[in-house]
$ cat work-v7.txt   # compact mmCIF, C-alpha atoms
# COMPACT_ATOMS: atom_id res chain seq x y z
CA VAL A 136 3.40 -13.88 21.43
CA THR A 137 6.00 -13.86 18.69
CA ALA A 138 5.37 -16.15 15.76
CA ARG A 139 7.91 -17.32 13.22
CA PRO A 140 8.14 -15.11 10.12
CA GLU A 141 6.74 -17.91 7.92
CA ALA A 142 3.70 -18.21 10.19
CA ILE A 143 3.09 -14.45 10.15
CA ALA A 144 3.32 -14.37 6.37
CA GLU A 145 0.95 -17.29 5.95
CA ASP A 146 -1.54 -15.83 8.42
CA LEU A 147 -1.61 -12.41 6.73
CA LEU A 148 -1.90 -13.91 3.25
CA ARG A 149 -4.71 -16.22 4.30
CA THR A 150 -6.75 -13.84 6.41
CA GLY A 151 -5.93 -10.32 5.17
CA ARG A 152 -8.88 -8.62 3.47
CA VAL A 153 -6.97 -5.98 1.58
CA ALA A 154 -3.51 -5.79 0.05
CA HIS A 155 -1.60 -2.96 -1.59
CA LEU A 156 -0.22 -3.49 -5.07
CA ALA A 157 2.73 -1.40 -6.22
CA THR A 158 3.76 -1.19 -9.86
CA ALA A 159 6.12 1.09 -11.75
CA GLY A 160 5.98 2.28 -15.34
CA ALA A 161 8.87 2.32 -17.79
CA ASP A 162 9.50 5.89 -16.61
CA GLY A 163 10.14 4.59 -13.06
CA ARG A 164 7.12 6.33 -11.54
CA PRO A 165 5.68 4.09 -8.82
CA HIS A 166 1.95 3.58 -8.40
CA VAL A 167 0.06 1.91 -5.54
CA VAL A 168 -3.57 0.95 -5.01
CA PRO A 169 -5.52 -1.06 -2.44
CA VAL A 170 -6.70 -4.38 -3.89
CA VAL A 171 -8.59 -7.48 -2.86
CA PHE A 172 -6.69 -10.70 -3.37
CA ALA A 173 -6.53 -14.45 -2.96
CA TRP A 174 -3.47 -16.47 -1.93
CA LEU A 175 -3.58 -19.74 -3.76
CA GLY A 176 -0.91 -22.29 -4.57
CA GLY A 177 1.85 -19.95 -3.52
CA ARG A 178 0.70 -17.13 -5.78
CA ILE A 179 -1.29 -13.96 -5.28
CA TYR A 180 -4.29 -13.27 -7.50
CA THR A 181 -5.93 -9.88 -7.66
CA PRO A 182 -8.79 -9.05 -10.02
CA VAL A 183 -9.29 -5.99 -12.13
CA ASP A 184 -12.93 -6.09 -11.13
CA ARG A 185 -16.04 -3.99 -11.63
CA LYS A 186 -15.54 -1.67 -8.71
CA ARG A 187 -15.79 1.78 -10.15
CA LYS A 188 -12.72 2.69 -12.18
CA ARG A 189 -11.50 5.97 -13.57
CA VAL A 190 -11.37 4.37 -17.00
CA ALA A 191 -13.88 1.79 -18.25
CA ASP A 192 -11.41 -0.32 -20.25
CA PRO A 193 -9.35 -2.43 -17.80
CA LYS A 194 -6.40 -2.34 -20.19
CA ARG A 195 -6.16 1.41 -19.76
CA LEU A 196 -5.89 1.26 -15.98
CA ARG A 197 -2.59 2.54 -14.68
CA ARG A 198 -1.72 -0.71 -12.89
CA VAL A 199 -2.39 -2.71 -16.05
CA ARG A 200 -0.49 -0.32 -18.31
CA ASN A 201 2.45 -0.41 -15.90
CA LEU A 202 2.51 -4.22 -15.98
CA GLY A 203 2.79 -4.11 -19.76
CA GLU A 204 5.86 -1.92 -19.43
CA ASN A 205 7.36 -3.57 -16.36
CA PRO A 206 6.05 -6.84 -14.89
CA ARG A 207 7.88 -6.39 -11.56
CA VAL A 208 5.45 -5.73 -8.72
CA ALA A 209 5.38 -5.58 -4.93
CA VAL A 210 2.37 -6.54 -2.82
CA VAL A 211 2.11 -5.88 0.89
CA VAL A 212 -0.46 -7.29 3.31
CA ASP A 213 -0.32 -5.76 6.74
CA ARG A 214 -2.03 -5.56 10.08
CA TRP A 215 -2.53 -2.10 11.56
CA ASP A 216 -2.99 -1.69 15.29
CA GLU A 217 -2.73 1.31 17.58
CA ASP A 218 -0.62 -0.96 19.77
CA TRP A 219 2.56 -0.80 17.72
CA GLU A 220 3.81 -4.04 19.24
CA ARG A 221 1.11 -5.76 17.19
CA LEU A 222 2.10 -4.38 13.80
CA ALA A 223 3.03 -6.89 11.14
CA TYR A 224 3.33 -7.14 7.39
CA VAL A 225 4.38 -9.44 4.62
CA LEU A 226 5.95 -8.03 1.48
CA VAL A 227 5.79 -10.13 -1.65
CA GLU A 228 7.95 -9.22 -4.62
CA GLY A 229 7.46 -10.92 -7.91
CA GLU A 230 6.42 -10.86 -11.50
CA ALA A 231 2.88 -10.16 -12.65
CA THR A 232 0.96 -11.69 -15.54
CA LEU A 233 -2.51 -10.74 -16.71
CA LEU A 234 -4.85 -13.73 -16.94
CA GLU A 235 -7.97 -13.31 -19.06
CA SER A 236 -9.33 -16.86 -19.19
CA GLY A 237 -8.33 -20.50 -18.81
CA PRO A 238 -8.07 -22.99 -15.95
CA GLU A 239 -5.84 -20.82 -13.77
CA TRP A 240 -8.18 -17.86 -14.24
CA GLU A 241 -11.10 -20.15 -13.22
CA ARG A 242 -9.37 -21.35 -10.06
CA ALA A 243 -8.40 -17.81 -9.09
CA ALA A 244 -11.92 -16.49 -9.72
CA GLY A 245 -13.31 -19.34 -7.59
CA ALA A 246 -10.96 -18.51 -4.72
CA LEU A 247 -11.83 -14.82 -4.94
CA LEU A 248 -15.56 -15.55 -4.90
CA GLU A 249 -15.09 -17.77 -1.85
CA ARG A 250 -13.11 -15.12 0.00
CA TYR A 251 -15.33 -12.21 -1.01
CA PRO A 252 -19.08 -12.87 -0.99
CA GLN A 253 -19.35 -9.35 -2.44
CA TYR A 254 -18.62 -10.92 -5.83
CA ARG A 255 -22.04 -12.57 -5.80
CA ALA A 256 -23.48 -9.14 -6.57
CA GLN A 257 -20.61 -8.00 -8.80
CA PRO A 258 -19.40 -10.90 -10.96
CA ILE A 259 -15.73 -11.32 -11.84
CA ALA A 260 -16.68 -13.03 -15.12
CA GLY A 261 -15.00 -11.39 -18.08
CA ARG A 262 -12.57 -9.40 -15.98
CA PRO A 263 -8.79 -9.89 -16.05
CA ILE A 264 -7.02 -11.25 -12.97
CA ILE A 265 -3.44 -10.28 -12.18
CA ARG A 266 -1.31 -13.22 -11.07
CA VAL A 267 1.78 -12.49 -9.01
CA ALA A 268 4.44 -15.21 -9.05
CA VAL A 269 6.55 -14.83 -5.92
CA ASP A 270 10.28 -14.24 -6.21
CA ARG A 271 10.85 -13.05 -2.69
CA MET A 272 8.81 -12.83 0.47
CA THR A 273 9.69 -10.79 3.54
CA ALA A 274 7.73 -11.02 6.78
CA TRP A 275 8.03 -8.38 9.46
CA GLN A 276 6.57 -7.95 12.91
CA ALA A 277 7.15 -5.23 15.46
CA ALA A 278 7.38 -7.35 18.57
CA ARG A 279 10.74 -8.97 19.11
CA VAL B 37 -23.65 10.05 0.78
CA THR B 38 -21.23 10.96 -1.99
CA ALA B 39 -18.71 13.63 -1.16
CA ARG B 40 -16.68 15.68 -3.60
CA PRO B 41 -13.30 14.15 -4.47
CA GLU B 42 -11.47 17.01 -2.74
CA ALA B 43 -13.45 16.38 0.45
CA ILE B 44 -12.70 12.64 0.37
CA ALA B 45 -9.01 13.30 -0.15
CA GLU B 46 -8.84 15.79 2.67
CA ASP B 47 -10.76 13.51 5.04
CA LEU B 48 -8.52 10.51 4.35
CA LEU B 49 -5.32 12.54 4.65
CA ARG B 50 -6.45 14.14 7.91
CA THR B 51 -7.90 11.08 9.62
CA GLY B 52 -6.18 8.04 8.09
CA ARG B 53 -3.92 6.22 10.54
CA VAL B 54 -1.82 4.32 8.06
CA ALA B 55 -0.66 5.01 4.51
CA HIS B 56 1.22 2.89 1.99
CA LEU B 57 4.41 4.28 0.48
CA ALA B 58 5.57 2.96 -2.88
CA THR B 59 9.07 3.59 -4.19
CA ALA B 60 11.06 2.14 -7.06
CA GLY B 61 14.80 1.62 -7.40
CA ALA B 62 16.89 2.53 -10.43
CA ASP B 63 16.27 -1.04 -11.62
CA GLY B 64 12.52 -0.33 -11.73
CA ARG B 65 11.62 -2.80 -9.00
CA PRO B 66 8.74 -1.37 -6.96
CA HIS B 67 8.62 -1.60 -3.18
CA VAL B 68 5.74 -0.81 -0.81
CA VAL B 69 5.44 -0.59 2.96
CA PRO B 70 2.78 0.55 5.42
CA VAL B 71 3.77 3.82 7.09
CA VAL B 72 2.45 6.32 9.57
CA PHE B 73 2.20 9.85 8.27
CA ALA B 74 1.16 13.44 8.83
CA TRP B 75 -0.51 15.71 6.28
CA LEU B 76 0.75 19.22 6.88
CA GLY B 77 0.83 22.29 4.68
CA GLY B 78 -0.11 20.27 1.60
CA ARG B 79 2.70 17.75 2.04
CA ILE B 80 2.96 14.28 3.45
CA TYR B 81 5.55 13.52 6.10
CA THR B 82 6.46 9.98 7.08
CA PRO B 83 9.20 9.15 9.54
CA VAL B 84 11.85 6.48 9.32
CA ASP B 85 11.25 5.77 12.98
CA ARG B 86 12.44 3.33 15.61
CA LYS B 87 9.91 0.61 14.93
CA ARG B 88 11.91 -2.52 14.43
CA LYS B 89 13.73 -2.51 11.12
CA ARG B 90 15.51 -5.20 9.22
CA VAL B 91 18.58 -3.02 9.15
CA ALA B 92 19.64 -0.71 11.98
CA ASP B 93 20.99 2.11 9.80
CA PRO B 94 18.02 4.05 8.33
CA LYS B 95 20.12 4.89 5.25
CA ARG B 96 20.29 1.22 4.35
CA LEU B 97 16.51 0.72 4.37
CA ARG B 98 15.10 -0.20 0.99
CA ARG B 99 12.69 2.75 0.85
CA VAL B 100 15.53 5.17 1.67
CA ARG B 101 17.95 3.60 -0.80
CA ASN B 102 15.28 3.74 -3.49
CA LEU B 103 14.69 7.45 -2.84
CA GLY B 104 18.40 8.09 -3.41
CA GLU B 105 18.11 6.42 -6.80
CA ASN B 106 14.65 7.71 -7.75
CA PRO B 107 12.82 10.39 -5.76
CA ARG B 108 9.44 9.65 -7.39
CA VAL B 109 7.01 8.09 -4.92
CA ALA B 110 3.33 7.23 -4.61
CA VAL B 111 1.42 7.26 -1.34
CA VAL B 112 -2.07 5.89 -0.92
CA VAL B 113 -4.41 6.37 2.03
CA ASP B 114 -7.54 4.28 1.86
CA ARG B 115 -10.60 3.19 3.74
CA TRP B 116 -11.41 -0.53 3.69
CA ASP B 117 -14.94 -1.68 4.34
CA GLU B 118 -16.72 -4.96 3.73
CA ASP B 119 -19.46 -2.80 2.21
CA TRP B 120 -17.77 -2.04 -1.07
CA GLU B 121 -19.95 1.01 -1.60
CA ARG B 122 -17.94 2.60 1.22
CA LEU B 123 -14.48 2.05 -0.25
CA ALA B 124 -12.38 5.12 -0.90
CA TYR B 125 -8.79 6.11 -1.42
CA VAL B 126 -6.58 9.03 -2.21
CA LEU B 127 -3.42 8.51 -4.25
CA VAL B 128 -0.69 11.09 -3.94
CA GLU B 129 2.15 11.11 -6.44
CA GLY B 130 5.15 13.29 -5.88
CA GLU B 131 8.77 13.73 -5.12
CA ALA B 132 10.39 12.66 -1.88
CA THR B 133 13.14 14.34 0.08
CA LEU B 134 14.81 13.04 3.21
CA LEU B 135 14.79 15.60 6.04
CA GLU B 136 17.25 15.06 8.86
CA SER B 137 16.94 18.29 10.84
CA GLY B 138 15.87 21.94 10.58
CA PRO B 139 12.61 23.84 10.98
CA GLU B 140 10.60 21.72 8.54
CA TRP B 141 11.79 18.53 10.26
CA GLU B 142 10.74 20.07 13.62
CA ARG B 143 7.25 20.96 12.38
CA ALA B 144 6.79 17.51 10.86
CA ALA B 145 8.01 15.76 14.01
CA GLY B 146 5.58 17.88 16.06
CA ALA B 147 2.66 16.96 13.80
CA LEU B 148 3.58 13.26 13.96
CA LEU B 149 3.83 13.34 17.76
CA GLU B 150 0.42 15.02 17.93
CA ARG B 151 -1.17 12.42 15.62
CA TYR B 152 0.54 9.41 17.19
CA PRO B 153 0.80 9.44 20.98
CA GLN B 154 2.85 6.26 20.51
CA TYR B 155 5.84 8.52 19.83
CA ARG B 156 5.89 9.54 23.49
CA ALA B 157 7.37 6.10 24.22
CA GLN B 158 9.44 5.91 21.02
CA PRO B 159 10.94 9.31 20.23
CA ILE B 160 11.34 10.50 16.64
CA ALA B 161 14.39 12.60 17.65
CA GLY B 162 17.38 11.82 15.49
CA ARG B 163 15.40 9.93 12.87
CA PRO B 164 14.98 11.05 9.26
CA ILE B 165 11.54 12.11 8.01
CA ILE B 166 10.56 11.62 4.37
CA ARG B 167 8.76 14.62 2.91
CA VAL B 168 6.54 14.06 -0.11
CA ALA B 169 5.84 17.15 -2.21
CA VAL B 170 2.61 16.57 -4.11
CA ASP B 171 2.62 16.68 -7.91
CA ARG B 172 -0.70 14.97 -8.44
CA MET B 173 -3.55 13.83 -6.26
CA THR B 174 -6.30 11.44 -7.28
CA ALA B 175 -9.30 10.72 -5.07
CA TRP B 176 -11.51 7.71 -5.65
CA GLN B 177 -14.67 6.42 -4.07
CA ALA B 178 -16.78 3.44 -4.94
CA ALA B 179 -20.20 4.99 -4.57
CA ARG B 180 -21.37 7.03 -7.48
$ encode --input "work-v7.txt" --output "structure tokens"
Amino acid sequence: VTARPEAIAEDLLRTGRVAHLATAGADGRPHVVPVVFAWLGGRIYTPVDRKRKRVADPKRLRRVRNLGENPRVAVVVDRWDEDWERLAYVLVEGEATLLESGPEWERAAGALLERYPQYRAQPIAGRPIIRVAVDRMTAWQAAR
Amino acid sequence: VTARPEAIAEDLLRTGRVAHLATAGADGRPHVVPVVFAWLGGRIYTPVDRKRKRVADPKRLRRVRNLGENPRVAVVVDRWDEDWERLAYVLVEGEATLLESGPEWERAAGALLERYPQYRAQPIAGRPIIRVAVDRMTAWQAAR
């Protein structure tokens, strides 16, 4: 079954459990990490949460430092399958902003808690959330 | 069980089925796509294969155009699990080169065919393979 690109994108953004966030520093060096996310109101939200980090201060994390130098990001959500006819992904390109508090932070934190019951044991409170405003979205699927 | 970082990295690179390749153009805009890959001789090889592409000419693909402008890339291989104590990833940063033929291309194509029986139905012959020479490798796991 071949769905319309918009339907594929929506499905991946609503149901995907993990995304990959790519950033680049001022020096042009790309960086990419797996992240959890919520898709809410046409934006992607991904927390800089309490999962173990190489540096304790979230501001010193590579992804966060890169955003300070260059707010352009790319986020991909994809479906892997050994049957390559079932492969699909959605690529979101946009601009990232770090939210630290406020109503939008609250809504995003609520959506993340709803999507990931894991946050009951590991609160998001006090942690920054990266908001990605979408400039461009590209859906892809293998099957014609 | 907590393994040494080197062991985690090696395990992910040997057994992971999908990686995520991040590139950035001269304009600093990052890009990221899911890719299949082989880890061989301390390098990552990922083909620009015949899976359906938005453009027919591999040279016009965004990842390939970006490499022409900026050979720096990042590749992440990760393990997702709803038990966040089991999360792990390895991030490889390095320089990419496009191989179109020759002994190294042949070895990489052989390794890819061995890892992905799917290539029996969808030959790699004639397709470029991106080689990533590793400058830096960072392994991460959630469990302490």
$ atom_distance --input "work-v7.txt" --atom1 "CA of Glu131 (chain B)" --atom2 "CA of Asn106 (chain B)"
8.8 Å
$ closest_atom_pairs --input "work-v7.txt" --of "chain A" --to "chain B" --cutoff "7 Å" --atoms "only C-alpha atoms" --output "CSV"
residue,atom,partner,partner_atom,distance
A:Ala157,CA,B:Pro66,CA,6.1
A:Thr158,CA,B:Pro66,CA,5.8
A:Ala159,CA,B:Pro66,CA,6.0
A:Gly163,CA,B:Gly64,CA,5.6
A:Arg164,CA,B:Arg108,CA,5.8
A:Pro165,CA,B:Val109,CA,5.7
A:His166,CA,B:Ala110,CA,5.4
A:Val167,CA,B:Ala58,CA,6.2
A:Val168,CA,B:Val112,CA,6.6
A:Lys186,CA,B:Ala178,CA,6.5
A:Arg187,CA,B:Ala178,CA,5.6
A:Arg207,CA,B:Arg65,CA,5.8
A:Val208,CA,B:Pro66,CA,5.7
A:Ala209,CA,B:His67,CA,5.4
A:Val210,CA,B:Val68,CA,6.9
A:Val211,CA,B:Val68,CA,6.5
A:Ala277,CA,B:Arg88,CA,5.6
$ atom_distance --input "work-v7.txt" --atom1 "CA of Gly77 (chain B)" --atom2 "CA of Leu97 (chain B)"
26.7 Å
$ residues_near_point --input "work-v7.txt" --point "(6.6, 9.9, 16.4)" --cutoff "6 Å" --atoms "all atoms listed in the file" --output "MDAnalysis selection string"
chainID B and resid 148:149 155 159:160
$ atom_distance --input "work-v7.txt" --atom1 "CA of Arg50 (chain B)" --atom2 "CA of Pro139 (chain B)"
21.6 Å
$ residues_around --input "work-v7.txt" --residues "region 260-267 of chain A" --least-positions-apart "5" --cutoff "7 Å" --atoms "only C-alpha atoms" --output "PyMOL selection string"
chain A and resi 178-184+229-235+240
$ closest_residue --input "work-v7.txt" --among "B:Ala157, B:Leu76, B:Met173, B:Leu103" --to "Arg143 (chain B)" --atoms "all atoms listed in the file"
B:Leu76
$ build_atoms --input "work-v7.txt" --residues "region 64-98 of chain B" --atoms "N, CA and C atoms" --output "mmCIF file, in the frame of the given file"
data_model
loop_
_atom_site.group_PDB
_atom_site.id
_atom_site.type_symbol
_atom_site.label_atom_id
_atom_site.label_comp_id
_atom_site.auth_asym_id
_atom_site.auth_seq_id
_atom_site.Cartn_x
_atom_site.Cartn_y
_atom_site.Cartn_z
ATOM 1 N N GLY B 64 13.947 -0.287 -11.437
ATOM 2 C CA GLY B 64 12.520 -0.330 -11.730
ATOM 3 C C GLY B 64 11.711 -1.266 -10.856
ATOM 4 N N ARG B 65 12.369 -1.904 -9.892
ATOM 5 C CA ARG B 65 11.620 -2.800 -9.000
ATOM 6 C C ARG B 65 10.845 -1.993 -7.976
ATOM 7 N N PRO B 66 9.518 -2.125 -7.961
ATOM 8 C CA PRO B 66 8.740 -1.370 -6.960
ATOM 9 C C PRO B 66 8.851 -1.994 -5.572
ATOM 10 N N HIS B 67 8.585 -1.188 -4.590
ATOM 11 C CA HIS B 67 8.620 -1.600 -3.180
ATOM 12 C C HIS B 67 7.476 -0.868 -2.495
ATOM 13 N N VAL B 68 6.850 -1.479 -1.519
ATOM 14 C CA VAL B 68 5.740 -0.810 -0.810
ATOM 15 C C VAL B 68 5.718 -1.258 0.643
ATOM 16 N N VAL B 69 5.545 -0.292 1.524
ATOM 17 C CA VAL B 69 5.440 -0.590 2.960
ATOM 18 C C VAL B 69 4.336 0.264 3.589
ATOM 19 N N PRO B 70 3.709 -0.272 4.639
ATOM 20 C CA PRO B 70 2.780 0.550 5.420
ATOM 21 C C PRO B 70 3.584 1.561 6.242
ATOM 22 N N VAL B 71 3.067 2.771 6.331
ATOM 23 C CA VAL B 71 3.770 3.820 7.090
ATOM 24 C C VAL B 71 2.774 4.690 7.846
ATOM 25 N N VAL B 72 3.239 5.265 8.942
ATOM 26 C CA VAL B 72 2.450 6.320 9.570
ATOM 27 C C VAL B 72 2.826 7.628 8.883
ATOM 28 N N PHE B 73 1.951 8.620 9.028
ATOM 29 C CA PHE B 73 2.200 9.850 8.270
ATOM 30 C C PHE B 73 1.470 11.022 8.894
ATOM 31 N N ALA B 74 1.893 12.215 8.506
ATOM 32 C CA ALA B 74 1.160 13.440 8.830
ATOM 33 C C ALA B 74 0.976 14.230 7.541
ATOM 34 N N TRP B 75 -0.169 14.867 7.423
ATOM 35 C CA TRP B 75 -0.510 15.710 6.280
ATOM 36 C C TRP B 75 -0.473 17.133 6.781
ATOM 37 N N LEU B 76 0.470 17.903 6.293
ATOM 38 C CA LEU B 76 0.750 19.220 6.880
ATOM 39 C C LEU B 76 1.179 20.180 5.789
ATOM 40 N N GLY B 77 0.455 21.277 5.666
ATOM 41 C CA GLY B 77 0.830 22.290 4.680
ATOM 42 C C GLY B 77 0.847 21.764 3.249
ATOM 43 N N GLY B 78 -0.035 20.806 2.962
ATOM 44 C CA GLY B 78 -0.110 20.270 1.600
ATOM 45 C C GLY B 78 0.993 19.290 1.244
ATOM 46 N N ARG B 79 1.678 18.775 2.267
ATOM 47 C CA ARG B 79 2.700 17.750 2.040
ATOM 48 C C ARG B 79 2.472 16.585 2.982
ATOM 49 N N ILE B 80 3.012 15.457 2.593
ATOM 50 C CA ILE B 80 2.960 14.280 3.450
ATOM 51 C C ILE B 80 4.330 14.101 4.087
ATOM 52 N N TYR B 81 4.307 13.795 5.383
ATOM 53 C CA TYR B 81 5.550 13.520 6.100
ATOM 54 C C TYR B 81 5.457 12.133 6.720
ATOM 55 N N THR B 82 6.459 11.313 6.492
ATOM 56 C CA THR B 82 6.460 9.980 7.080
ATOM 57 C C THR B 82 7.849 9.680 7.625
ATOM 58 N N PRO B 83 7.905 9.301 8.888
ATOM 59 C CA PRO B 83 9.200 9.150 9.540
ATOM 60 C C PRO B 83 9.820 7.778 9.297
ATOM 61 N N VAL B 84 11.123 7.744 9.287
ATOM 62 C CA VAL B 84 11.850 6.480 9.320
ATOM 63 C C VAL B 84 12.169 6.274 10.805
ATOM 64 N N ASP B 85 11.201 5.712 11.527
ATOM 65 C CA ASP B 85 11.250 5.770 12.980
ATOM 66 C C ASP B 85 11.924 4.556 13.604
ATOM 67 N N ARG B 86 11.735 4.398 14.910
ATOM 68 C CA ARG B 86 12.440 3.330 15.610
ATOM 69 C C ARG B 86 11.672 2.015 15.682
ATOM 70 N N LYS B 87 10.537 1.929 14.986
ATOM 71 C CA LYS B 87 9.910 0.610 14.930
ATOM 72 C C LYS B 87 10.954 -0.340 14.384
ATOM 73 N N ARG B 88 10.861 -1.563 14.782
ATOM 74 C CA ARG B 88 11.910 -2.520 14.430
ATOM 75 C C ARG B 88 12.135 -2.555 12.920
ATOM 76 N N LYS B 89 13.384 -2.494 12.545
ATOM 77 C CA LYS B 89 13.730 -2.510 11.120
ATOM 78 C C LYS B 89 14.641 -3.706 10.859
ATOM 79 N N ARG B 90 14.641 -4.092 9.610
ATOM 80 C CA ARG B 90 15.510 -5.200 9.220
ATOM 81 C C ARG B 90 16.978 -4.797 9.242
ATOM 82 N N VAL B 91 17.217 -3.515 9.027
ATOM 83 C CA VAL B 91 18.580 -3.020 9.150
ATOM 84 C C VAL B 91 18.572 -1.844 10.108
ATOM 85 N N ALA B 92 19.629 -1.728 10.928
ATOM 86 C CA ALA B 92 19.640 -0.710 11.980
ATOM 87 C C ALA B 92 19.845 0.692 11.402
ATOM 88 N N ASP B 93 20.679 0.807 10.386
ATOM 89 C CA ASP B 93 20.990 2.110 9.800
ATOM 90 C C ASP B 93 19.865 2.539 8.861
ATOM 91 N N PRO B 94 19.155 3.655 9.178
ATOM 92 C CA PRO B 94 18.020 4.050 8.330
ATOM 93 C C PRO B 94 18.415 4.252 6.866
ATOM 94 N N LYS B 95 19.666 4.641 6.623
ATOM 95 C CA LYS B 95 20.120 4.890 5.250
ATOM 96 C C LYS B 95 20.170 3.604 4.413
ATOM 97 N N ARG B 96 20.197 2.477 5.080
ATOM 98 C CA ARG B 96 20.290 1.220 4.350
ATOM 99 C C ARG B 96 18.915 0.616 4.072
ATOM 100 N N LEU B 97 17.862 1.226 4.620
ATOM 101 C CA LEU B 97 16.510 0.720 4.370
ATOM 102 C C LEU B 97 16.163 0.830 2.896
ATOM 103 N N ARG B 98 15.428 -0.154 2.419
ATOM 104 C CA ARG B 98 15.100 -0.200 0.990
ATOM 105 C C ARG B 98 14.408 1.081 0.524
#
